[in-house]
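Q: File target19.cif below, mmCIF, C-alpha atoms:
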```cif
data_run
#
loop_
_atom_site.label_atom_id
_atom_site.label_comp_id
_atom_site.auth_asym_id
_atom_site.auth_seq_id
_atom_site.Cartn_x
_atom_site.Cartn_y
_atom_site.Cartn_z
CA GLY A 1 2.20 18.01 3.24
CA ASN A 2 2.12 14.37 4.25
CA SER A 3 5.22 12.29 3.68
CA VAL A 4 7.10 9.26 4.96
CA THR A 5 10.85 8.81 5.01
CA GLN A 6 12.32 5.41 5.69
CA MET A 7 15.87 4.19 5.69
CA GLU A 8 17.03 3.06 2.32
CA GLY A 9 18.31 -0.41 1.87
CA PRO A 10 19.13 -2.87 1.03
CA VAL A 11 19.65 -4.32 4.49
CA THR A 12 21.45 -7.66 4.76
CA LEU A 13 21.50 -9.54 8.05
CA SER A 14 22.39 -12.95 9.32
CA GLU A 15 19.72 -15.17 10.81
CA GLU A 16 18.93 -14.32 14.45
CA ALA A 17 20.32 -10.79 14.12
CA PHE A 18 18.45 -7.75 15.47
CA LEU A 19 16.55 -5.67 12.93
CA THR A 20 15.74 -1.97 12.95
CA ILE A 21 14.23 -0.11 10.01
CA ASN A 22 13.84 3.59 10.68
CA CYS A 23 10.73 5.48 9.63
CA THR A 24 9.84 9.13 10.20
CA TYR A 25 6.81 10.99 8.97
CA THR A 26 5.44 14.46 8.33
CA ALA A 27 1.72 14.93 8.66
CA THR A 28 -0.99 17.32 9.69
CA GLY A 29 -2.91 16.03 12.66
CA TYR A 30 -2.40 12.57 14.06
CA PRO A 31 -2.44 9.93 11.36
CA SER A 32 -2.58 6.19 11.80
CA LEU A 33 0.72 4.52 11.00
CA PHE A 34 1.36 1.17 9.35
CA TRP A 35 4.06 -1.23 8.32
CA TYR A 36 3.38 -3.34 5.24
CA VAL A 37 5.48 -6.19 3.89
CA GLN A 38 5.79 -7.29 0.27
CA TYR A 39 7.17 -10.69 -0.69
CA PRO A 40 8.46 -11.26 -4.22
CA GLY A 41 5.69 -11.32 -6.78
CA GLU A 42 2.99 -10.49 -4.27
CA GLY A 43 0.93 -7.56 -3.09
CA LEU A 44 1.21 -5.78 0.23
CA GLN A 45 0.41 -7.46 3.52
CA LEU A 46 -0.36 -5.48 6.63
CA LEU A 47 2.29 -6.29 9.23
CA LEU A 48 1.25 -4.01 12.08
CA LYS A 49 -0.43 -0.72 12.85
CA ALA A 50 -0.72 1.99 15.49
CA THR A 51 -3.48 4.55 15.62
CA LYS A 52 -2.40 7.02 18.30
CA ALA A 53 0.66 8.31 20.10
CA ASP A 54 2.51 5.78 22.27
CA ASP A 55 0.60 2.86 20.73
CA LYS A 56 2.76 -0.17 20.08
CA GLY A 57 1.86 -2.34 17.13
CA SER A 58 3.14 -5.90 17.10
CA ASN A 59 2.86 -9.00 14.96
CA LYS A 60 5.00 -12.09 14.23
CA GLY A 61 7.78 -10.79 16.49
CA PHE A 62 7.88 -7.37 14.83
CA GLU A 63 7.16 -4.24 16.85
CA ALA A 64 6.86 -0.51 16.24
CA THR A 65 5.92 2.32 18.60
CA TYR A 66 4.15 5.49 17.50
CA ARG A 67 6.36 8.33 18.78
CA LYS A 68 4.66 11.68 18.34
CA GLU A 69 7.51 13.69 19.84
CA THR A 70 10.00 12.37 17.28
CA THR A 71 7.40 11.70 14.53
CA SER A 72 8.79 8.21 14.17
CA PHE A 73 7.54 4.64 13.80
CA HIS A 74 10.65 2.46 13.67
CA LEU A 75 10.25 -1.25 12.94
CA GLU A 76 12.17 -3.73 15.12
CA LYS A 77 12.54 -7.47 15.46
CA GLY A 78 14.76 -9.16 17.97
CA SER A 79 15.75 -12.19 15.90
CA VAL A 80 15.16 -12.29 12.15
CA GLN A 81 14.64 -15.44 10.11
CA VAL A 82 15.36 -16.22 6.48
CA SER A 83 11.61 -16.14 5.87
CA ASP A 84 11.56 -12.44 6.86
CA SER A 85 13.37 -11.55 3.64
CA ALA A 86 11.05 -9.10 1.87
CA VAL A 87 10.50 -5.40 1.20
CA TYR A 88 9.08 -3.41 4.10
CA PHE A 89 7.03 -0.24 3.67
CA CYS A 90 6.17 2.33 6.28
CA ALA A 91 2.91 4.20 5.60
CA LEU A 92 0.60 6.78 7.08
CA SER A 93 -3.11 7.13 6.58
CA VAL A 94 -4.50 10.45 5.41
CA SER A 95 -8.22 10.85 5.84
CA THR A 96 -10.79 13.56 5.21
CA GLN A 97 -14.01 14.46 6.93
CA GLY A 98 -15.91 13.00 4.03
CA GLY A 99 -14.57 9.55 4.89
CA SER A 100 -12.05 9.38 2.07
CA GLU A 101 -8.70 7.88 2.98
CA LYS A 102 -5.43 7.16 1.27
CA LEU A 103 -2.09 5.74 2.27
CA VAL A 104 1.17 7.62 1.82
CA PHE A 105 4.12 5.22 1.61
CA GLY A 106 7.83 5.39 2.17
CA LYS A 107 10.14 4.14 -0.58
CA GLY A 108 10.52 0.71 0.96
CA THR A 109 13.45 -1.14 2.51
CA LYS A 110 14.58 -4.44 1.08
CA LEU A 111 15.67 -6.91 3.75
CA THR A 112 17.70 -10.02 2.98
CA VAL A 113 18.36 -12.50 5.76
CA ASN A 114 21.11 -15.06 5.17
CA PRO A 115 21.24 -18.43 6.92
CA LYS B 1 -13.21 -15.15 3.60
CA ALA B 2 -11.86 -14.64 0.09
CA GLY B 3 -9.24 -11.93 -0.32
CA VAL B 4 -8.99 -9.14 -2.84
CA THR B 5 -8.87 -10.53 -6.37
CA GLN B 6 -7.17 -8.69 -9.18
CA THR B 7 -7.28 -9.78 -12.79
CA PRO B 8 -5.35 -10.31 -14.89
CA ARG B 9 -2.08 -10.93 -13.04
CA TYR B 10 0.07 -10.00 -16.02
CA LEU B 11 -0.50 -7.88 -19.10
CA ILE B 12 1.65 -6.83 -22.01
CA LYS B 13 0.40 -3.94 -24.11
CA THR B 14 1.76 -1.77 -26.87
CA ARG B 15 2.25 1.96 -26.61
CA GLY B 16 -0.91 3.82 -27.57
CA GLN B 17 -3.28 1.02 -26.63
CA GLN B 18 -5.66 1.12 -23.71
CA VAL B 19 -6.04 -1.35 -20.86
CA THR B 20 -8.65 -2.24 -18.25
CA LEU B 21 -7.77 -3.84 -14.94
CA SER B 22 -10.27 -5.42 -12.58
CA CYS B 23 -10.51 -5.66 -8.81
CA SER B 24 -13.00 -7.63 -6.72
CA PRO B 25 -12.93 -6.51 -3.08
CA ILE B 26 -13.54 -8.58 0.00
CA SER B 27 -17.21 -9.26 0.45
CA GLY B 28 -18.82 -6.47 2.45
CA HIS B 29 -16.08 -3.93 1.78
CA ARG B 30 -17.45 -0.89 0.00
CA SER B 31 -14.29 1.12 -0.48
CA VAL B 32 -11.74 0.32 -3.18
CA SER B 33 -8.50 2.19 -3.78
CA TRP B 34 -5.91 1.84 -6.51
CA TYR B 35 -2.15 2.36 -6.25
CA GLN B 36 0.64 2.34 -8.80
CA GLN B 37 4.01 0.85 -7.84
CA THR B 38 7.13 1.61 -9.87
CA PRO B 39 10.83 1.30 -9.00
CA GLY B 40 11.33 5.03 -9.50
CA GLN B 41 8.27 6.59 -7.88
CA GLY B 42 7.41 3.87 -5.38
CA LEU B 43 3.80 3.44 -4.30
CA GLN B 44 1.48 6.23 -5.38
CA PHE B 45 -2.24 6.66 -4.78
CA LEU B 46 -4.37 6.71 -7.93
CA PHE B 47 -7.98 6.98 -6.74
CA GLU B 48 -10.56 5.76 -4.26
CA TYR B 49 -14.13 4.66 -4.88
CA PHE B 50 -16.96 4.24 -2.42
CA SER B 51 -20.51 3.29 -3.31
CA GLU B 52 -19.84 3.81 -7.02
CA THR B 53 -18.49 7.34 -6.46
CA GLN B 54 -14.93 8.54 -6.81
CA ARG B 55 -14.06 10.17 -3.50
CA ASN B 56 -10.44 10.99 -3.99
CA LYS B 57 -7.96 11.16 -6.83
CA GLY B 58 -4.19 11.26 -6.89
CA ASN B 59 -1.95 13.33 -9.10
CA PHE B 60 -2.20 11.35 -12.31
CA PRO B 61 -3.18 12.48 -15.81
CA GLY B 62 -6.69 12.09 -17.12
CA ARG B 63 -5.62 9.00 -19.07
CA PHE B 64 -6.09 7.15 -15.80
CA SER B 65 -9.70 6.58 -14.89
CA GLY B 66 -11.77 4.17 -12.91
CA ARG B 67 -15.23 3.16 -11.88
CA GLN B 68 -17.00 1.07 -9.31
CA PHE B 69 -20.05 -1.10 -9.79
CA SER B 70 -22.99 -1.68 -7.49
CA ASN B 71 -21.40 -4.92 -6.22
CA SER B 72 -18.30 -2.88 -5.23
CA ARG B 73 -16.14 -4.44 -7.94
CA SER B 74 -13.91 -1.83 -9.49
CA GLU B 75 -12.10 -1.33 -12.76
CA MET B 76 -9.38 1.05 -13.73
CA ASN B 77 -8.61 2.08 -17.27
CA VAL B 78 -5.50 3.57 -18.77
CA SER B 79 -5.84 5.01 -22.26
CA THR B 80 -3.10 5.85 -24.74
CA LEU B 81 -0.53 3.83 -22.89
CA GLU B 82 2.99 5.16 -22.47
CA LEU B 83 6.15 3.26 -21.64
CA GLY B 84 6.18 4.93 -18.23
CA ASP B 85 2.86 3.32 -17.36
CA SER B 86 4.64 0.01 -16.90
CA ALA B 87 4.07 -0.79 -13.26
CA LEU B 88 2.46 -3.04 -10.69
CA TYR B 89 -1.09 -1.82 -10.11
CA LEU B 90 -2.45 -2.68 -6.69
CA CYS B 91 -6.01 -2.58 -5.54
CA ALA B 92 -6.98 -2.30 -1.87
CA SER B 93 -10.33 -2.96 -0.32
CA ARG B 94 -11.08 -1.36 2.97
CA TYR B 95 -13.35 -1.60 5.96
CA ASP B 96 -13.74 1.10 8.52
CA ARG B 97 -13.96 0.16 12.16
CA HIS B 98 -14.40 3.01 14.57
CA ALA B 99 -12.80 5.34 12.02
CA ILE B 100 -9.72 3.12 11.79
CA TYR B 101 -9.07 2.25 8.20
CA ILE B 102 -7.71 -1.20 7.40
CA ASN B 103 -6.71 -1.79 3.80
CA THR B 104 -6.29 -5.27 2.36
CA PHE B 105 -4.33 -5.44 -0.86
CA GLY B 106 -4.63 -7.77 -3.80
CA SER B 107 -1.65 -9.41 -5.50
CA GLY B 108 -1.64 -6.78 -8.20
CA THR B 109 -1.62 -6.64 -11.98
CA ARG B 110 1.80 -6.36 -13.58
CA LEU B 111 1.44 -4.17 -16.67
CA THR B 112 4.26 -3.99 -19.19
CA VAL B 113 4.04 -1.46 -22.00
CA VAL B 114 6.29 -2.13 -24.99
#
```
Would you write out, as structure tokens, the structure that this file holds?
A:
Amino acid sequence: GNSVTQMEGPVTLSEEAFLTINCTYTATGYPSLFWYVQYPGEGLQLLLKATKADDKGSNKGFEATYRKETTSFHLEKGSVQVSDSAVYFCALSVSTQGGSEKLVFGKGTKLTVNP
Amino acid sequence: KAGVTQTPRYLIKTRGQQVTLSCSPISGHRSVSWYQQTPGQGLQFLFEYFSETQRNKGNFPGRFSGRQFSNSRSEMNVSTLELGDSALYLCASRYDRHAIYINTFGSGTRLTVV
């Protein structure tokens, strides 16, 4: 089946520290991969995406590379800020020939960045 | 461009009651999906609608249902509420570009069942 496993938090870092959140997936075929971020009291915001092997998604200093050989999509940021404190979700897209699509999410990783 | 609008933002219901949640997608988006978010189970897919037709359904009991109107607005209904239905319900509207699916989520409806 399709599943996503991401490192469990919470993760606490100091401002300007390096961030890595691990994400691995199991899927049939070659799904698109996403990172979403959720701030307190809000819905999900798309952070970045990659649609094929070796693609690198990037946004707001965050990066993730689609690694088919290791079925991974780890999220990284070189220097985190207090404003990056949120819950981060790794997800894969499962689609059918009929055009239906759904997202399968990891459990989420809560990040707290201290000044 | 307006985002995805979900109403109401918060709801408190009693066990056994039913509830209807509403989602207005981004203008021009024809696909709407619903997800349930709980601390225990995380984010789980409920169903997807496209052009007023349910195209996909997650593993939820029949108490959970939905529909989509001709203007793409969608509603989901939960009947005979149980305590375990307390959750954040998220709606996503989607556009397809070259078979790449981009979902935009609303802020959600927080349902509390007491």
Q: Counting all atoms listed in the file, which residues of chain B come no farther than 12 Å from chain A, as a ChimeraX atom specification?
A: /B:3-6,9-10,30-51,53-58,88-110
Q: I'd like the neighbourhood of Glu52 (chain B) as a PDB file with C-alpha atoms, in the coordinates of the input, where a residue qualifies if any of its atoms comes within 7 Å (using all atoms listed in the file), though same-chain residues fewer than 3 positions away should be ignored.
A:
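Ended up saving to part_16.pdb:
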```
ATOM      1  CA  TYR B  49     -14.130   4.660  -4.880  1.00  0.00           C
ATOM      2  CA  ARG B  67     -15.230   3.160 -11.880  1.00  0.00           C
ATOM      3  CA  GLN B  68     -17.000   1.070  -9.310  1.00  0.00           C
ATOM      4  CA  PHE B  69     -20.050  -1.100  -9.790  1.00  0.00           C
ATOM      5  CA  SER B  70     -22.990  -1.680  -7.490  1.00  0.00           C
TER       6      SER B  70
END
```
Q: Using all atoms listed in the file, which residues sit within 10 Å of Gly1 (chain A) once same-chain residues fewer than 2 positions away are excluded, as a count of residues only?
A: 4
Q: Could you expand the PyMOL selection byres ((chain A and resi 23) around 12) into the explicit residues it covers here, written as JSON, numbers by chain?
A: {"A": [3, 4, 5, 6, 7, 8, 20, 21, 22, 24, 25, 26, 33, 34, 35, 64, 65, 66, 67, 70, 71, 72, 73, 74, 75, 76, 88, 89, 90, 91, 92, 105, 106, 107, 108, 109]}
Q: Could you list the residues chosen by the PyMOL selection byres ((chain A and resi 82) around 7) in this structure as JSON, numbers by chain?
A: {"A": [15, 80, 81, 83, 84, 85, 113, 114, 115]}
Q: Can you write out the residues you just picked, keeping C-alpha atoms, as a tab-separated table (two decimals), in the frame of the given file?
A:
```tsv
chain	number	residue	atom	x	y	z
A	15	GLU	CA	19.72	-15.17	10.81
A	80	VAL	CA	15.16	-12.29	12.15
A	81	GLN	CA	14.64	-15.44	10.11
A	83	SER	CA	11.61	-16.14	5.87
A	84	ASP	CA	11.56	-12.44	6.86
A	85	SER	CA	13.37	-11.55	3.64
A	113	VAL	CA	18.36	-12.50	5.76
A	114	ASN	CA	21.11	-15.06	5.17
A	115	PRO	CA	21.24	-18.43	6.92
```
Q: Which polymer residues have any atom within 7 Å of an atom of Ala17 (chain A), counting only C-alpha atoms, with same-chain residues fewer than 3 positions away left out, as JSON, numbers by chain?
A: {"A": [13, 14, 78, 79, 80]}
Q: Give me the result of the PyMOL selection byres ((chain B and resi 73-75) around 6) on this file, residue by residue, as a list in words.
A: Leu21, Ser22, Cys23, Ser24, Gly66, Arg67, Gln68, Phe69, Asn71, Ser72 and Met76 of chain B
